[in-house]
file query_27.tsv (TSV, C-alpha atoms)
chain	number	residue	atom	x	y	z
A	18	MET	CA	-4.90	13.18	27.50
A	19	THR	CA	-7.47	12.80	24.72
A	20	ALA	CA	-7.92	9.22	23.53
A	21	LEU	CA	-7.11	8.50	19.90
A	22	PRO	CA	-9.92	6.98	17.82
A	23	LEU	CA	-8.25	3.62	17.07
A	24	GLU	CA	-6.62	2.92	20.44
A	25	HIS	CA	-8.70	-0.25	20.76
A	26	ILE	CA	-7.65	-1.61	17.35
A	27	ARG	CA	-4.73	-3.92	16.56
A	28	ALA	CA	-3.43	-4.41	13.01
A	29	ILE	CA	-1.01	-7.12	11.86
A	30	VAL	CA	0.52	-5.84	8.65
A	31	LEU	CA	2.84	-7.23	5.99
A	32	THR	CA	2.99	-4.02	4.00
A	33	GLN	CA	6.11	-2.94	2.13
A	34	ALA	CA	7.47	0.02	0.16
A	35	TRP	CA	4.99	2.93	0.00
A	36	ALA	CA	1.28	2.34	-0.69
A	37	GLY	CA	0.60	-0.32	1.92
A	38	THR	CA	2.94	1.12	4.53
A	39	LEU	CA	1.33	4.55	4.16
A	40	ALA	CA	-2.13	3.06	4.71
A	41	THR	CA	-1.00	1.24	7.84
A	42	HIS	CA	1.13	3.99	9.36
A	43	LEU	CA	-1.95	6.24	9.18
A	44	LEU	CA	-3.70	3.62	11.32
A	45	GLY	CA	-0.85	3.99	13.79
A	46	ASP	CA	-1.23	7.77	13.72
A	47	PHE	CA	-4.87	7.27	14.69
A	48	GLY	CA	-3.81	5.24	17.72
A	49	ALA	CA	-3.97	1.65	16.46
A	50	ASP	CA	-1.44	-0.89	17.71
A	51	VAL	CA	0.25	-1.71	14.40
A	52	ILE	CA	2.63	-4.69	14.33
A	53	GLN	CA	4.74	-4.68	11.17
A	54	VAL	CA	5.67	-8.26	10.27
A	55	GLU	CA	8.56	-8.51	7.85
A	56	ALA	CA	9.04	-11.77	6.03
A	57	LEU	CA	12.54	-13.06	6.77
A	58	ARG	CA	13.21	-13.98	3.15
A	59	ARG	CA	11.73	-10.77	1.71
A	60	PRO	CA	13.03	-7.69	3.58
A	61	ASP	CA	11.47	-4.40	2.62
A	62	VAL	CA	13.57	-2.79	-0.11
A	63	TRP	CA	12.85	0.61	1.45
A	64	ARG	CA	15.00	-0.36	4.43
A	65	GLY	CA	18.07	0.56	2.40
A	66	GLY	CA	21.44	-1.01	2.98
A	67	TYR	CA	22.22	-1.28	-0.71
A	68	GLY	CA	25.02	1.27	-0.86
A	69	PRO	CA	24.94	5.03	-0.30
A	70	ASP	CA	25.80	6.10	-3.85
A	71	ASP	CA	22.35	5.52	-5.34
A	72	LEU	CA	20.44	6.44	-2.16
A	73	THR	CA	21.79	9.93	-1.49
A	74	GLY	CA	19.68	12.00	0.86
A	75	ILE	CA	18.03	9.22	2.84
A	76	TYR	CA	20.60	8.64	5.61
A	77	PRO	CA	21.56	11.05	8.41
A	78	ASP	CA	24.66	12.95	7.34
A	79	GLU	CA	24.67	10.86	4.13
A	80	GLU	CA	26.12	8.02	6.19
A	81	PRO	CA	24.39	4.60	6.10
A	82	GLY	CA	26.43	3.39	9.08
A	83	GLU	CA	26.78	-0.19	10.21
A	84	ARG	CA	23.01	-0.72	10.42
A	85	PRO	CA	21.61	1.17	7.42
A	86	TYR	CA	18.35	-0.77	7.58
A	87	ASN	CA	17.52	1.17	10.78
A	88	ARG	CA	18.69	4.55	9.49
A	89	CYS	CA	16.88	4.85	6.17
A	90	ALA	CA	14.60	7.89	6.12
A	91	ARG	CA	12.51	6.44	3.34
A	92	PHE	CA	11.55	3.40	5.42
A	93	ASN	CA	11.11	5.32	8.66
A	94	SER	CA	8.89	7.94	7.02
A	95	VAL	CA	6.11	5.40	6.42
A	96	ASN	CA	6.63	3.07	9.37
A	97	ARG	CA	6.30	5.35	12.35
A	98	ASN	CA	4.03	4.38	15.23
A	99	LYS	CA	4.56	0.67	14.53
A	100	ARG	CA	6.08	-2.23	16.36
A	101	GLY	CA	8.26	-4.64	14.38
A	102	LEU	CA	8.61	-8.40	14.12
A	103	THR	CA	10.41	-10.68	11.65
A	104	LEU	CA	9.02	-14.12	10.79
A	105	ASP	CA	9.99	-16.79	8.30
A	106	LEU	CA	6.59	-17.23	6.72
A	107	GLY	CA	7.93	-19.99	4.50
A	108	THR	CA	7.91	-22.33	7.52
A	109	GLU	CA	5.06	-23.90	9.45
A	110	ASP	CA	6.35	-22.36	12.68
A	111	GLY	CA	6.35	-18.85	11.18
A	112	GLN	CA	2.86	-19.32	9.78
A	113	HIS	CA	1.64	-20.62	13.16
A	114	VAL	CA	3.00	-17.56	14.97
A	115	PHE	CA	1.35	-15.28	12.41
A	116	ARG	CA	-2.03	-16.98	12.91
A	117	GLU	CA	-1.66	-16.61	16.67
A	118	LEU	CA	-1.03	-12.88	16.20
A	119	VAL	CA	-4.16	-12.65	14.05
A	120	ARG	CA	-6.22	-14.32	16.79
A	121	ASP	CA	-5.97	-11.12	18.86
A	122	ALA	CA	-6.07	-8.67	15.94
A	123	ASP	CA	-8.74	-6.67	14.15
A	124	VAL	CA	-7.04	-5.93	10.82
A	125	VAL	CA	-4.55	-7.68	8.53
A	126	ALA	CA	-3.02	-5.72	5.66
A	127	GLU	CA	-0.65	-6.77	2.88
A	128	ASN	CA	0.46	-5.48	-0.52
A	129	PHE	CA	2.27	-8.47	-1.98
A	130	ALA	CA	1.55	-9.82	-5.44
A	131	SER	CA	-1.79	-11.65	-5.45
A	132	ARG	CA	-0.31	-15.15	-5.17
A	133	VAL	CA	1.92	-14.60	-2.12
A	134	MET	CA	-0.46	-14.91	0.84
A	135	GLY	CA	-1.94	-18.09	-0.61
A	136	ASN	CA	1.56	-19.51	-0.95
A	137	PHE	CA	2.08	-18.77	2.75
A	138	HIS	CA	-1.27	-20.43	3.60
A	139	LEU	CA	-2.32	-17.11	5.13
A	140	ASP	CA	-5.10	-16.05	2.78
A	141	TYR	CA	-8.34	-14.51	4.04
A	142	ASP	CA	-10.34	-17.75	4.04
A	143	THR	CA	-7.69	-19.35	6.25
A	144	LEU	CA	-7.28	-16.40	8.62
A	145	ARG	CA	-10.98	-15.88	9.22
A	146	GLN	CA	-11.14	-19.42	10.58
A	147	VAL	CA	-8.89	-18.03	13.33
A	148	LYS	CA	-10.65	-14.66	13.66
A	149	PRO	CA	-14.20	-14.75	12.19
A	150	ASP	CA	-14.74	-10.96	12.25
A	151	LEU	CA	-11.32	-10.18	10.76
A	152	ILE	CA	-10.92	-7.28	8.35
A	153	MET	CA	-8.26	-7.96	5.74
A	154	ILE	CA	-7.08	-5.66	2.99
A	155	ALA	CA	-4.94	-6.79	0.06
A	156	MET	CA	-3.30	-4.14	-2.14
A	157	PRO	CA	-1.63	-5.95	-5.06
A	158	ALA	CA	-0.78	-3.85	-8.10
A	159	TYR	CA	-3.58	-5.15	-10.30
A	160	GLY	CA	-6.03	-6.77	-7.89
A	161	ARG	CA	-6.82	-10.36	-6.98
A	162	SER	CA	-8.59	-11.30	-10.21
A	163	GLY	CA	-8.45	-10.47	-13.89
A	164	PRO	CA	-5.80	-10.90	-16.59
A	165	TYR	CA	-3.14	-8.73	-14.93
A	166	SER	CA	-3.56	-10.06	-11.38
A	167	PRO	CA	-0.56	-12.45	-11.54
A	168	HIS	CA	1.81	-9.55	-12.21
A	169	GLY	CA	3.56	-7.56	-9.51
A	170	GLY	CA	3.97	-3.83	-9.78
A	171	ILE	CA	4.74	-0.52	-8.11
A	172	GLY	CA	3.44	3.02	-8.46
A	173	GLY	CA	5.61	3.62	-11.50
A	174	THR	CA	4.08	0.69	-13.38
A	175	ALA	CA	0.51	1.22	-12.13
A	176	GLU	CA	0.57	4.86	-13.30
A	177	PRO	CA	0.59	4.09	-17.05
A	178	MET	CA	-1.84	1.20	-16.52
A	179	SER	CA	-4.27	3.59	-14.83
A	180	GLY	CA	-4.22	5.99	-17.80
A	181	ILE	CA	-2.59	8.90	-15.97
A	182	SER	CA	0.62	8.73	-18.01
A	183	ALA	CA	-1.36	9.05	-21.23
A	184	LEU	CA	-2.47	12.53	-20.08
A	185	GLN	CA	1.07	13.77	-19.36
A	186	GLY	CA	3.60	14.96	-21.85
A	187	GLU	CA	3.94	17.53	-24.60
A	188	PRO	CA	1.49	17.62	-27.55
A	189	GLY	CA	2.56	15.10	-30.17
A	190	GLU	CA	5.14	13.57	-27.85
A	191	PRO	CA	5.05	10.21	-26.00
A	192	PRO	CA	3.28	9.83	-22.64
A	193	LEU	CA	5.21	10.54	-19.45
A	194	ASN	CA	5.12	9.27	-15.90
A	195	SER	CA	4.84	11.86	-13.15
A	196	GLY	CA	8.13	10.76	-11.61
A	197	ILE	CA	6.69	10.66	-8.08
A	198	MET	CA	5.03	7.22	-8.07
A	199	TYR	CA	1.66	8.99	-7.87
A	200	PRO	CA	-0.55	5.87	-7.45
A	201	ASP	CA	1.28	4.85	-4.25
A	202	PRO	CA	0.19	7.71	-1.94
A	203	VAL	CA	-3.26	7.80	-3.54
A	204	ALA	CA	-3.77	4.08	-2.89
A	205	GLY	CA	-2.33	4.45	0.62
A	206	MET	CA	-4.85	7.11	1.56
A	207	MET	CA	-7.70	5.15	0.00
A	208	GLY	CA	-6.54	1.96	1.68
A	209	CYS	CA	-6.66	3.58	5.09
A	210	ALA	CA	-10.12	4.98	4.34
A	211	ALA	CA	-11.35	1.54	3.26
A	212	ILE	CA	-10.12	0.01	6.53
A	213	LEU	CA	-11.87	2.72	8.55
A	214	ILE	CA	-15.13	2.09	6.68
A	215	ALA	CA	-14.79	-1.66	7.29
A	216	LEU	CA	-14.20	-1.05	11.00
A	217	HIS	CA	-17.33	1.11	11.15
A	218	HIS	CA	-19.29	-1.60	9.35
A	219	ARG	CA	-18.03	-4.23	11.79
A	220	GLN	CA	-18.99	-2.06	14.76
A	221	ARG	CA	-22.54	-1.88	13.44
A	222	THR	CA	-22.95	-5.47	12.21
A	223	GLY	CA	-20.26	-7.61	13.84
A	224	GLU	CA	-19.09	-8.69	10.38
A	225	GLY	CA	-15.54	-8.65	9.08
A	226	GLN	CA	-14.73	-8.40	5.40
A	227	PHE	CA	-12.07	-8.73	2.73
A	228	ILE	CA	-11.00	-5.61	0.82
A	229	ASP	CA	-9.41	-6.04	-2.60
A	230	LEU	CA	-7.85	-2.66	-3.41
A	231	ALA	CA	-5.68	-2.77	-6.52
A	232	LEU	CA	-2.91	-0.18	-6.58
A	233	GLN	CA	-4.12	0.73	-10.06
A	234	GLU	CA	-7.74	1.42	-9.15
A	235	PRO	CA	-7.72	4.57	-6.98
A	236	SER	CA	-5.71	6.53	-9.53
A	237	ILE	CA	-8.33	5.83	-12.19
A	238	CYS	CA	-10.85	7.56	-9.92
A	239	PHE	CA	-8.76	10.73	-10.09
A	240	ILE	CA	-9.13	11.00	-13.87
A	241	GLY	CA	-12.83	10.18	-14.05
A	242	GLU	CA	-13.71	13.02	-16.44
A	243	GLN	CA	-11.05	11.92	-18.93
A	244	VAL	CA	-12.18	8.29	-18.74
A	245	LEU	CA	-15.81	9.35	-19.23
A	246	GLY	CA	-14.94	11.62	-22.14
A	247	ASP	CA	-13.00	8.89	-23.91
A	248	SER	CA	-15.83	6.40	-23.29
A	249	MET	CA	-18.44	8.77	-24.76
A	250	THR	CA	-16.51	10.11	-27.75
A	251	GLY	CA	-14.01	7.39	-28.55
A	252	GLN	CA	-11.32	10.06	-28.65
A	253	PRO	CA	-8.53	9.98	-26.06
A	254	PRO	CA	-7.87	13.38	-24.46
A	255	PRO	CA	-4.85	15.23	-25.86
A	256	ARG	CA	-1.65	15.84	-23.94
A	257	TRP	CA	-1.26	19.52	-23.04
A	258	GLY	CA	2.20	19.65	-21.49
A	259	ASN	CA	2.25	22.46	-18.90
A	260	ARG	CA	-0.85	24.07	-20.36
A	261	ASP	CA	-4.40	23.88	-19.05
A	262	ARG	CA	-7.81	24.37	-20.65
A	263	TRP	CA	-9.35	26.21	-17.72
A	264	HIS	CA	-6.76	27.64	-15.34
A	265	ALA	CA	-4.25	30.46	-15.47
A	266	PRO	CA	-1.38	31.12	-15.33
A	267	HIS	CA	-0.14	28.11	-17.27
A	268	GLY	CA	2.39	27.17	-19.90
A	269	THR	CA	5.31	28.26	-17.74
call {"tool": "encode", "arguments": {"input": "query_27.tsv", "output": "structure tokens"}}
result
Amino acid sequence: MTALPLEHIRAIVLTQAWAGTLATHLLGDFGADVIQVEALRRPDVWRGGYGPDDLTGIYPDEEPGERPYNRCARFNSVNRNKRGLTLDLGTEDGQHVFRELVRDADVVAENFASRVMGNFHLDYDTLRQVKPDLIMIAMPAYGRSGPYSPHGGIGGTAEPMSGISALQGEPGEPPLNSGIMYPDPVAGMMGCAAILIALHHRQRTGEGQFIDLALQEPSICFIGEQVLGDSMTGQPPPRWGNRDRWHAPHGT
């Protein structure tokens, strides 16, 4: 059997919902031993268990069953190839166990709001005292610094903040979100790529590093020409609805 490229890598991850869990389940697909740590007081909302009426289509046979948190397709779709563990990170014992896990790990990943890991006393400066060559990626909505960093967010709130929503909608009408939480999968793919680059860097230099990847940032990279045009002309690009300047057919 052919060896997978990350079979020698272990990741301890606190990722939830979509962006962070996508980044880390891709690591698992590449062969990494990914241990998903769920905070006891903050279960992942994608686990379900909140009633079948508003979650149609995500349980087998539309039936949540007695243990819906293990049957939710939305959660399972981004948490394959992972092992699971629940810890109460609000206690010293839970934090101690987490640090012991990190001692034998290569990567830590989380996508909480920027304040959370510090509140748990599990920030990068603390964890690299345990594992000096640790690679850690944080994926808060608006980064670890700057005026919006204290605020939490999801793909649906990062999309307008990235500028993408301003490009969508009919001419003369208000902006629109895509409806698919577009920044989440984009940030997930970029997050995985950033971890792979950091692992390559560590292999060459022996150095770990901290990656601050705001959920908002990667989506801005996908509209670079519009950002550049606005910066050069001072005129925001118009909304074209289903029409396109260059491609055909359009306007359908």
call {"tool": "closest_atom_pairs", "arguments": {"input": "query_27.tsv", "of": "segment 80-147 of chain A", "to": "segment 199-209 of chain A", "cutoff": "12 Å", "atoms": "all atoms listed in the file", "output": "CSV"}}
result
residue,atom,partner,partner_atom,distance
A:Val95,CA,A:Gly205,CA,10.3
A:Val124,CA,A:Cys209,CA,11.1
A:Val125,CA,A:Cys209,CA,12.0
A:Ala126,CA,A:Gly208,CA,9.3
A:Glu127,CA,A:Gly208,CA,10.6
A:Asn128,CA,A:Gly205,CA,10.4
call {"tool": "atom_distance", "arguments": {"input": "query_27.tsv", "atom1": "atom CA of Ile181 of chain A", "atom2": "atom CA of Asp229 of chain A"}}
result
21.2 Å
call {"tool": "residues_around", "arguments": {"input": "query_27.tsv", "residues": "His168 of chain A", "least_positions_apart": "5", "cutoff": "10 Å", "atoms": "all atoms listed in the file", "output": "ChimeraX atom specification"}}
result
/A:130-132,157-160
call {"tool": "atom_distance", "arguments": {"input": "query_27.tsv", "atom1": "atom CA of Glu79 of chain A", "atom2": "atom CA of Gln33 of chain A"}}
result
23.2 Å
call {"tool": "residues_around", "arguments": {"input": "query_27.tsv", "residues": "Leu151 of chain A", "least_positions_apart": "6", "cutoff": "9 Å", "atoms": "all atoms listed in the file", "output": "list in words"}}
result
Val119, Arg120, Ala122, Asp123, Val124, Val125, Tyr141, Leu144, Arg145, Glu224, Gly225, Gln226 and Phe227 of chain A
call {"tool": "closest_residue", "arguments": {"input": "query_27.tsv", "among": "A:Ile154, A:Leu21, A:Leu44, A:Ala56", "to": "Gly111 of chain A", "atoms": "only C-alpha atoms"}}
result
A:Ala56
call {"tool": "residues_near_point", "arguments": {"input": "query_27.tsv", "point": "(13.3, 7.4, 1.2)", "cutoff": "10 Å", "atoms": "all atoms listed in the file", "output": "JSON list (two decimals) with C-alpha atoms, in the frame of the given file"}}
result
[["chain", "number", "residue", "atom", "x", "y", "z"],
["A", 34, "ALA", "CA", 7.47, 0.02, 0.16],
["A", 35, "TRP", "CA", 4.99, 2.93, 0.00],
["A", 63, "TRP", "CA", 12.85, 0.61, 1.45],
["A", 64, "ARG", "CA", 15.00, -0.36, 4.43],
["A", 65, "GLY", "CA", 18.07, 0.56, 2.40],
["A", 72, "LEU", "CA", 20.44, 6.44, -2.16],
["A", 73, "THR", "CA", 21.79, 9.93, -1.49],
["A", 74, "GLY", "CA", 19.68, 12.00, 0.86],
["A", 75, "ILE", "CA", 18.03, 9.22, 2.84],
["A", 76, "TYR", "CA", 20.60, 8.64, 5.61],
["A", 89, "CYS", "CA", 16.88, 4.85, 6.17],
["A", 90, "ALA", "CA", 14.60, 7.89, 6.12],
["A", 91, "ARG", "CA", 12.51, 6.44, 3.34],
["A", 92, "PHE", "CA", 11.55, 3.40, 5.42],
["A", 93, "ASN", "CA", 11.11, 5.32, 8.66],
["A", 94, "SER", "CA", 8.89, 7.94, 7.02],
["A", 95, "VAL", "CA", 6.11, 5.40, 6.42]]
call {"tool": "atom_distance", "arguments": {"input": "query_27.tsv", "atom1": "atom CA of Ala211 of chain A", "atom2": "atom CA of Asn194 of chain A"}}
result
26.4 Å
call {"tool": "residues_near_point", "arguments": {"input": "query_27.tsv", "point": "(2.6, -5.3, 5.1)", "cutoff": "8 Å", "atoms": "all atoms listed in the file", "output": "PDB file with C-alpha atoms, in the frame of the given file"}}
result
ATOM      1  CA  ILE A  29      -1.010  -7.120  11.860  1.00  0.00           C
ATOM      2  CA  VAL A  30       0.520  -5.840   8.650  1.00  0.00           C
ATOM      3  CA  LEU A  31       2.840  -7.230   5.990  1.00  0.00           C
ATOM      4  CA  THR A  32       2.990  -4.020   4.000  1.00  0.00           C
ATOM      5  CA  GLN A  33       6.110  -2.940   2.130  1.00  0.00           C
ATOM      6  CA  GLY A  37       0.600  -0.320   1.920  1.00  0.00           C
ATOM      7  CA  THR A  38       2.940   1.120   4.530  1.00  0.00           C
ATOM      8  CA  THR A  41      -1.000   1.240   7.840  1.00  0.00           C
ATOM      9  CA  GLN A  53       4.740  -4.680  11.170  1.00  0.00           C
ATOM     10  CA  VAL A  54       5.670  -8.260  10.270  1.00  0.00           C
ATOM     11  CA  GLU A  55       8.560  -8.510   7.850  1.00  0.00           C
ATOM     12  CA  ALA A 126      -3.020  -5.720   5.660  1.00  0.00           C
ATOM     13  CA  GLU A 127      -0.650  -6.770   2.880  1.00  0.00           C
ATOM     14  CA  ASN A 128       0.460  -5.480  -0.520  1.00  0.00           C
ATOM     15  CA  PHE A 129       2.270  -8.470  -1.980  1.00  0.00           C
TER      16      PHE A 129
END
call {"tool": "residues_around", "arguments": {"input": "query_27.tsv", "residues": "segment 261-266 of chain A", "least_positions_apart": "6", "cutoff": "12 Å", "atoms": "only C-alpha atoms", "output": "ChimeraX atom specification"}}
result
/A:184-185,187,254-255
call {"tool": "closest_residue", "arguments": {"input": "query_27.tsv", "among": "A:Ala36, A:Ala175, A:Met134, A:Arg97", "to": "Gln112 of chain A", "atoms": "only C-alpha atoms"}}
result
A:Met134
call {"tool": "residues_around", "arguments": {"input": "query_27.tsv", "residues": "Ala20 of chain A", "least_positions_apart": "3", "cutoff": "9 Å", "atoms": "only C-alpha atoms", "output": "PyMOL selection string"}}
result
chain A and resi 23-24+48
call {"tool": "closest_residue", "arguments": {"input": "query_27.tsv", "among": "A:Pro60, A:Gly196, A:Gly223, A:Gly268", "to": "Lys148 of chain A", "atoms": "all atoms listed in the file"}}
result
A:Gly223
